[in-house]
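Inspection log for the structure reproduced underneath, given as structure tokens.
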Amino acid sequence: MAFIPATWIVEAAMKYILGGQEIRNIIHIDPHESPSTSLLTDAANLVNDWAIAELLPLLSQDLALYEVGTKDLSIETGAVSAAVNVPAEAGQVAADSLPNNVALVVTLPTLLTGRSYRGRFYIPGLPETQISNNTAGLLWAADLVDAFVSLIADLNAVGWDLVITSYFTGGAPRASAVSTIVSNVVLNLITDSQRRRLPQRGS
């Protein structure tokens with residue numbers, strides 16, 4: 001498929017290890033300016049700091065965040081940067097993780113309707129102590145929602161926005177991607193599955 005530019009959009013990829021398998025979560029950020037290398041570094045550090053302070057305290061000790069990589073999506077050969085954790089930062093809940101494929105889904109809607117205008121974040125490393133009958137505990141789930149609200153606030157504090165980026169419309173590729181600001185955070189309490197996260201499946 002031909003490259004589709006997402007003008008001024010920064011990809012931030014959270015890279016973890018769980019059970020020997022690499023797992024990634026990707027978000028998109030609109031800094032409202034052309035991303036310089038220093039901006040990409042700042043974005044990597046911001047997302048890494050957020051994950052360590054807000055997300056990992058809610059996840060199993062079996063999950064380890066080793067890097068947040070950022071990339072300018074404006075051009076195919078966009079600049080990159082990274083925040084690397086040595087050693088990797090582990091989850092802070094002293095409990096075993098549910099299997100690699102088990103995740104909770106955070107939906108990130110915008111003010112527009114349709115598949116092009118909502119995103120999903122599949123949370124890995126769920127502590128088995130927080131899931132009963134495939135359902136997340138209410139208080140813990142509320143803390144997860146608050147963590148993502150904090151991410152949006154952290155981005156807004158430096159003049160950036162969390163966005164959903166659409167590369168297709170009506171099944172056809174766009175000439176240029178469309179990015180829309182996330183307006184809310186919604187968590188489904190029922191667990192979902194990501195088979196590609198099972199061990200020995202690749203990243």
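By order in the structure tokens, chains are A, B, ...; within a chain, residues start at 1; ligands start at 1, following the order shown.
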
Exercise. Could you give me, as a count of residues only, the residues within 8 Å of segment 1-14 of chain A, counting only C-alpha atoms and dropping anything in the same chain fewer than 2 positions from it?
Key: 38

Exercise. Show which residues sit within 8 Å of segment 185-202 of chain A, as number ranges by chain. Count only C-alpha atoms, and ignore same-chain residues fewer than 4 positions away.
Key: A: 19-23, 99-109, 134-138, 141, 145, 148-149

Practice problem: Run DSSP on the backbone and grab whatever in segment 37-164 of chain A lands in strand (DSSP E); send it over as a PyMOL selection string. | Solution: chain A and resi 64-72+80-90+102-109+118-123+131-132+135-136+161-164

Quiz item: Using only C-alpha atoms, which residues sit within 7 Å of segment 110-123 of chain A once same-chain residues fewer than 6 positions away are excluded, as a VMD selection string?
Solution: chain A and resid 25 103 to 104 164 166 180 to 184

Quiz prompt | Residue contacts of Thr37 of chain A (7 Å, only C-alpha atoms) excluding same-chain residues fewer than 3 positions away, as a PyMOL selection string | solution = chain A and resi 40-41+79-81

Practice problem: Take atom CA of Asn133 of chain A and atom CA of Ala95 of chain A and report the distance between them in Å, one decimal. | Solution: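 According to the coordinates, atom CA of Asn133 of chain A and atom CA of Ala95 of chain A are separated by 16.9 Å.
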
Quiz prompt | Close residues, Asp154 of chain A itself excluded, 9 Å, only C-alpha atoms, min 6 positions apart in chain, as a list in words | solution =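 Listed by chain and then number, they are Leu46, Val47, Trp50 and Trp160 of chain A.
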
Please produce an output containing C-alpha atoms for each residue in the selection, written as a PDB file, in the first residue's frame.
ATOM      1  CA  LEU A  46       5.880  12.646  28.147  1.00  0.00           C
ATOM      2  CA  VAL A  47       4.192   9.377  27.190  1.00  0.00           C
ATOM      3  CA  TRP A  50       2.713   9.085  31.972  1.00  0.00           C
ATOM      4  CA  TRP A 160      -0.973  19.044  22.205  1.00  0.00           C
TER       5      TRP A 160
END

Exercise. May I ask for the distance between atom CA of Leu55 of chain A and atom CA of Val93 of chain A, given in Å to one decimal place?
Key: 10.8 Å

Quiz prompt | Per-residue DSSP, segment 21-79 of chain A, filtered to helix (DSSP H, G or I), as an NGL selection string | solution = :A and (37-58)

Could you take the residues named above and write them with N, CA and C atoms, as a CSV table (one decimal), in the first residue's frame?
chain,number,residue,atom,x,y,z
A,37,THR,N,12.9,17.0,15.8
A,37,THR,CA,13.5,15.9,16.6
A,37,THR,C,13.3,16.1,18.1
A,38,SER,N,13.5,17.4,18.5
A,38,SER,CA,13.4,17.7,20.0
A,38,SER,C,11.9,17.5,20.4
A,39,LEU,N,11.0,17.9,19.6
A,39,LEU,CA,9.6,17.6,19.9
A,39,LEU,C,9.3,16.2,20.0
A,40,LEU,N,9.8,15.4,19.1
A,40,LEU,CA,9.6,13.9,19.2
A,40,LEU,C,10.2,13.3,20.5
A,41,THR,N,11.3,13.8,20.9
A,41,THR,CA,11.9,13.4,22.1
A,41,THR,C,11.1,13.8,23.3
A,42,ASP,N,10.6,15.0,23.3
A,42,ASP,CA,9.7,15.5,24.4
A,42,ASP,C,8.4,14.6,24.4
A,43,ALA,N,7.9,14.3,23.3
A,43,ALA,CA,6.7,13.5,23.2
A,43,ALA,C,6.9,12.1,23.8
A,44,ALA,N,8.1,11.5,23.4
A,44,ALA,CA,8.4,10.2,23.9
A,44,ALA,C,8.6,10.2,25.5
A,45,ASN,N,9.2,11.2,26.0
A,45,ASN,CA,9.4,11.4,27.4
A,45,ASN,C,8.1,11.6,28.1
A,46,LEU,N,7.2,12.4,27.5
A,46,LEU,CA,5.9,12.6,28.1
A,46,LEU,C,5.1,11.4,28.3
A,47,VAL,N,5.0,10.6,27.2
A,47,VAL,CA,4.2,9.4,27.2
A,47,VAL,C,4.8,8.3,28.1
A,48,ASN,N,6.1,8.2,28.1
A,48,ASN,CA,6.8,7.3,29.0
A,48,ASN,C,6.6,7.7,30.4
A,49,ASP,N,6.7,9.0,30.8
A,49,ASP,CA,6.5,9.4,32.2
A,49,ASP,C,5.1,9.1,32.6
A,50,TRP,N,4.1,9.4,31.7
A,50,TRP,CA,2.7,9.1,32.0
A,50,TRP,C,2.5,7.6,32.2
A,51,ALA,N,3.0,6.7,31.4
A,51,ALA,CA,2.9,5.3,31.6
A,51,ALA,C,3.4,4.8,32.9
A,52,ILE,N,4.6,5.3,33.3
A,52,ILE,CA,5.2,4.9,34.5
A,52,ILE,C,4.4,5.4,35.7
A,53,ALA,N,3.9,6.6,35.6
A,53,ALA,CA,3.2,7.2,36.8
A,53,ALA,C,1.8,6.8,36.9
A,54,GLU,N,1.1,6.6,35.8
A,54,GLU,CA,-0.4,6.5,35.8
A,54,GLU,C,-0.8,5.1,35.4
A,55,LEU,N,-0.2,4.5,34.4
A,55,LEU,CA,-0.7,3.2,33.8
A,55,LEU,C,-0.1,2.0,34.5
A,56,LEU,N,1.3,1.9,34.6
A,56,LEU,CA,1.9,0.8,35.2
A,56,LEU,C,1.5,0.5,36.7
A,57,PRO,N,1.2,1.5,37.5
A,57,PRO,CA,0.8,1.2,38.8
A,57,PRO,C,-0.5,0.4,38.9
A,58,LEU,N,-1.2,0.3,37.8
A,58,LEU,CA,-2.5,-0.5,37.7
A,58,LEU,C,-2.3,-1.9,37.1

Exercise. Figure out the distance between atom CA of Leu155 of chain A and atom CA of Gly125 of chain A, please, to one decimal in Å.
Key: 24.2 Å
